[in-house]
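Asks: Below: one structure in structure tokens.
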Amino acid sequence: MLSVSALMGSAALMTMSDDAKASTEWAEHFQKNYRLMTDEEKAEARTRLERRYSSEYGKKVAVDTTGPQPGVLMGYALNVRKCIGCRRCVHACVEENNQSRGTRPGEKIEWIQVLRMERGEFSKDKMNHGYPEGLGIQVGGNAYTPAGQVLEGQYHYNPEAVPEKDATYMPIACMQCEKPPCVKVCPVRTTYREADGPVVIDYNWCIGCKMCMNACPYWARRFNLTKPVLPKEEMNPVTHYLGNRPRMRGVVEKCHWCLQRTRHDRYPACVEVCPVGARKFGNLLDPESEVSKILERKNVFRLKAELNTFPKFFYFYD
Amino acid sequence: MQQLISFTTDYTRYVLKGGTKFYAWMGSLALLIVGMMYVFYLQNTDGLIVTGMTSQISDGLYLANLVFLVGVAAGAVTIVFPAYVYHHEGMHKVAVLGEMLAITAVIMVMVFVFAHMGRPDRLWHMIPPRGIYSFSSMLGWDVMVLNGYLILNFVCGFYYLWCKYTGNPVNQKWFIPLVYVAIAWALSIHTVTAFLMANNPARPMWFHSMMPIRFIATAFAAGPALIILIFLVIRKNTRFWVDDSAIKLLTTIVQFCLGIAIFLTLSEVVVELYARTEHANGLYYLMFGLHGLTGLVPWFWSSLVLMVGAFVMFFMPSFRNDFDKLRIPCAMAFTGIWIEKGMGLIVPGYIPSPIGEVTEYHPSFVEWLMVLGIWAFGFFILTILLKGAIGILLGEIKHGGPAAAAK
């Protein structure tokens, strides 16, 4: 395999050696796992990417490599009571993080899913229906409607007005687990937890084996089935190496809490755009931060807590 | 060294020679292999979008075949084990053929690994020193045990053939221990593959400790079922005679393991559907459909019918003792398990998704062509390996040429 990839790389180099794209791709192909790079190698990788992206998207693209700051552990809290299901966070995230926005199935990637939950319904006429019916002995009731299962694509709902009367909303995305199952199963250690909390991916090292997608209990990960569809004019040129830089075909991606923003004391795009202030973000190690205060005073819960993944994404009520 | 060169040339010359039937067979396989290469090219230029896989159903036919073929590779141990541990004479004669099958199956597994990956060009990222090997990843372990199994079978199989070729006695001192290691190793490959799926609490359909034993039971039914079919072909088309006793013992193994496999499947159905928690949704989708989607229902029931039907047939002396009719339950068991482990286990693990979205998986033409091509590739290798092995066992390939063979 080594030799095949070497051949492919050198073929690219020989045929298009003038082209900035080809030569950088060749160097990119043989670069190391990001975490094992020295500072010089990181700087080289960064320049390479900046050159390639700038020529590809026709604008000055910056690839940030700022590392985690000491004394920071990022945390997120979401007020489920307040969420109105407008899905502005979903769209803001797509724009900020350079997700693929094609029209073919599989070309459209959204990291945030707003789960639209039907309000459970207990109706009088179904109350005394036991099952199996007709045996003469009541074994249960049928005064319920099963909730929580939808057909694919229903979370891309688009109502005329929100909030809808018969629904509640539960936005989810990567939970940035403290014990991430996806990290454990990665055979090449390309996905890992950064020192300040978020679980990130080195897209250049990912082999696309999709084991992390099997392991994630929150369905946070997406696969680039093809080269992401990212129009030049819509591309966000402020990027981070482990964050929102444009991905390539055949690798996995997911939410990283907008590293390109949060490492520079800005809020993630979804927090900034939320019209009702349901989303809170901050430093869990700082007792004065908003998230810390919420954890201290509110009733919080984590999704699928029984799986011991210890998300740093909390839900709370007022 | 001289001997090695003559072994290689004699072996190659022998396997390349054949009648019209042989060339027609190899030619049609080659055609399918070319098809496979084309779709592999498509997958690595357009991307996996040419398959039916999505972010919801991130694996399908490829992983299913991969898992099934690991079972076939492990299943070869049903020949090697009775041959070397119980000194079963009929099996001992054909043990090396089992090793050839194991080699083939492992190679096919590796091609399926390539097929299902998003970036096969980066596979070297897994291999130290330039790459990183992760001991916490089940896939890492799987790659390690599979490669180990390939090497073990290659060494055992070809060393044995080499001794037959040169006429030297087999050095029992290290050969027999190595065979025992290979036997234990066979269990490890399928156990690790089961862990690959089962160690995911995110996927309730897979997340139970029954998976390894179920994998091994189905493997030891499907593997020998295929071996019986191959042996019957060999008996018909070559001068090499596989003893009745070997086929009979394999039949018994297939039947017992098939019985255990059916029992485990039904146990799972009872446990899951009695309580009918949300964790049973995958199984429920498989058996009856969910939310109006019923794509896998025919697969499940046809698999069950095939497996139970084959199990019953194996009881009937008319099928068990008549080797012409024996093909029917063997083919049924093989197909039934292929479905059960593939469409019936891998795919419902993804449906519904961990957040409750119910989707359907529609394998694309590209995927079917890839699967067909890789199977053709497997049969291509298997034909060569078996032909060479049989030639040596028959004494038609012999050091010193035909003169020595005639002696």
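All residue names refer to the structure tokens as shown: chains lettered A, B, ... in order, residues numbered from 1 in each chain, ligands numbered from 1 in order.
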Would you kindly report the residues of chain B within 8 Å of chain A, using only C-alpha atoms, as a ChimeraX atom specification?
Replies: /B:46-49,54-56,58-59,116-126,130-140,200-203,291,352-359
Asks: Excluding stretch 383-388 of chain B and its own-chain neighbours fewer than 2 positions away, which residues fall within 12 Å of it when counting only C-alpha atoms? Please give them as a ChimeraX atom specification.
Replies: /B:7-18,22-23,25-26,29,94-105,154,157-158,161-162,164-165,227,230-231,233-234,237-240,376-381,390-398
Asks: Enter the distance from atom CA of B:Phe81 to atom CA of B:Ile183, in Å, rounded to one decimal.
Replies: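 So the answer is 6.6 Å.
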Asks: What's around A:Met170 at 9 Å? Count only C-alpha atoms, leave out sequence neighbours fewer than 5 positions away in its own chain, and write the answer as a list of chain:residue names.
Replies: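 Within the cut-off, the hits are A:Val80, A:Cys83, A:Gly85, A:Gln113, A:Val114, A:Leu115, A:Arg116, A:Met117.
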Asks: What are the DSSP alpha helix (DSSP H) residues of stretch 170-243 of chain A, as a PyMOL selection string?
Replies: chain A and resi 181-185+211-215
Asks: Excluding B:Phe315 and any residue of its chain fewer than 3 positions from it, enumerate the residues within 12 Å of it, using only C-alpha atoms, and give them as a PyMOL selection string.
Replies: chain B and resi 251-252+254-256+258-259+308-312+318-321+326+329
Asks: Name the residues of stretch 64-306 of chain A that fall into strand (DSSP E) according to DSSP on the backbone, using the chain letters and numbers of this document, as a PyMOL selection string.
Replies: chain A and resi 64+74-79+113-118+150-151+167-172+191-193+199-201+222-223+238-240+252-253+279-283+300-301
Asks: What lies within 12 Å of A:Pro287 using only C-alpha atoms, ignoring chain neighbours under 6 positions off, as a list in words?
Replies: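 Answer for this query is Gly71, Val72, Leu73, Lys293, Ile294, Leu295, Glu296 and Arg297 of chain A.
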Asks: Could you dump the residues just selected with N, CA and C atoms as a compact mmCIF listing (two decimals), in the first residue's frame?
Replies:
```
# COMPACT_ATOMS: atom_id res chain seq x y z
N GLY A 71 -5.75 25.87 32.03
CA GLY A 71 -6.81 26.32 32.93
C GLY A 71 -8.16 26.41 32.27
N VAL A 72 -8.30 25.83 31.08
CA VAL A 72 -9.58 25.88 30.39
C VAL A 72 -10.11 24.47 30.17
N LEU A 73 -11.36 24.26 30.53
CA LEU A 73 -12.07 23.04 30.13
C LEU A 73 -13.43 23.50 29.63
N LYS A 293 -22.04 28.20 36.77
CA LYS A 293 -23.18 28.65 37.59
C LYS A 293 -24.40 27.77 37.32
N ILE A 294 -24.60 27.42 36.03
CA ILE A 294 -25.75 26.58 35.70
C ILE A 294 -25.61 25.21 36.34
N LEU A 295 -24.42 24.63 36.25
CA LEU A 295 -24.21 23.31 36.84
C LEU A 295 -24.42 23.36 38.35
N GLU A 296 -24.11 24.50 38.92
CA GLU A 296 -24.22 24.64 40.37
C GLU A 296 -25.67 24.78 40.80
N ARG A 297 -26.46 25.50 40.03
CA ARG A 297 -27.78 25.90 40.53
C ARG A 297 -28.97 25.22 39.87
```
Asks: Just want the 12 Å neighbourhood of A:Gln69, counted on only C-alpha atoms, with same-chain residues fewer than 5 positions away dropped. Output as a compact mmCIF listing (two decimals) with N, CA and C atoms, in the first residue's frame.
Replies:
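The file below, selection-v6.txt, is the result:
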```txt
# COMPACT_ATOMS: atom_id res chain seq x y z
N MET A 74 -13.60 23.36 28.33
CA MET A 74 -14.83 23.90 27.73
C MET A 74 -16.04 23.08 28.14
N GLU A 194 -8.86 17.01 23.03
CA GLU A 194 -7.87 18.06 23.26
C GLU A 194 -7.84 18.39 24.76
N ALA A 195 -6.73 18.99 25.19
CA ALA A 195 -6.55 19.26 26.61
C ALA A 195 -7.61 20.20 27.16
N ASP A 196 -8.20 21.04 26.31
CA ASP A 196 -9.24 21.94 26.81
C ASP A 196 -10.65 21.38 26.58
N GLY A 197 -10.74 20.09 26.27
CA GLY A 197 -12.06 19.46 26.28
C GLY A 197 -12.59 18.88 24.99
N LEU A 259 -13.62 25.60 17.35
CA LEU A 259 -12.29 25.89 17.89
C LEU A 259 -11.71 27.19 17.36
N THR A 262 -13.60 29.64 19.68
CA THR A 262 -13.53 29.50 21.13
C THR A 262 -12.10 29.58 21.66
N ARG A 263 -11.12 29.25 20.84
CA ARG A 263 -9.73 29.39 21.30
C ARG A 263 -9.31 30.86 21.31
N HIS A 264 -10.18 31.72 20.76
CA HIS A 264 -9.89 33.15 20.77
C HIS A 264 -10.99 33.91 21.49
N ASP A 265 -11.50 33.29 22.55
CA ASP A 265 -12.48 33.93 23.44
C ASP A 265 -13.75 34.40 22.74
N ASN A 283 -16.17 28.16 30.43
CA ASN A 283 -15.08 27.40 31.02
C ASN A 283 -15.56 26.71 32.29
N LEU A 285 -13.84 25.21 34.41
CA LEU A 285 -12.89 25.35 35.52
C LEU A 285 -13.00 26.72 36.20
```
Asks: Write out as a PyMOL selection string the residues lying within 8 Å of B:Asn281, counting only C-alpha atoms and excluding same-chain residues fewer than 5 positions away.
Replies: chain B and resi 205+276+290+351-352
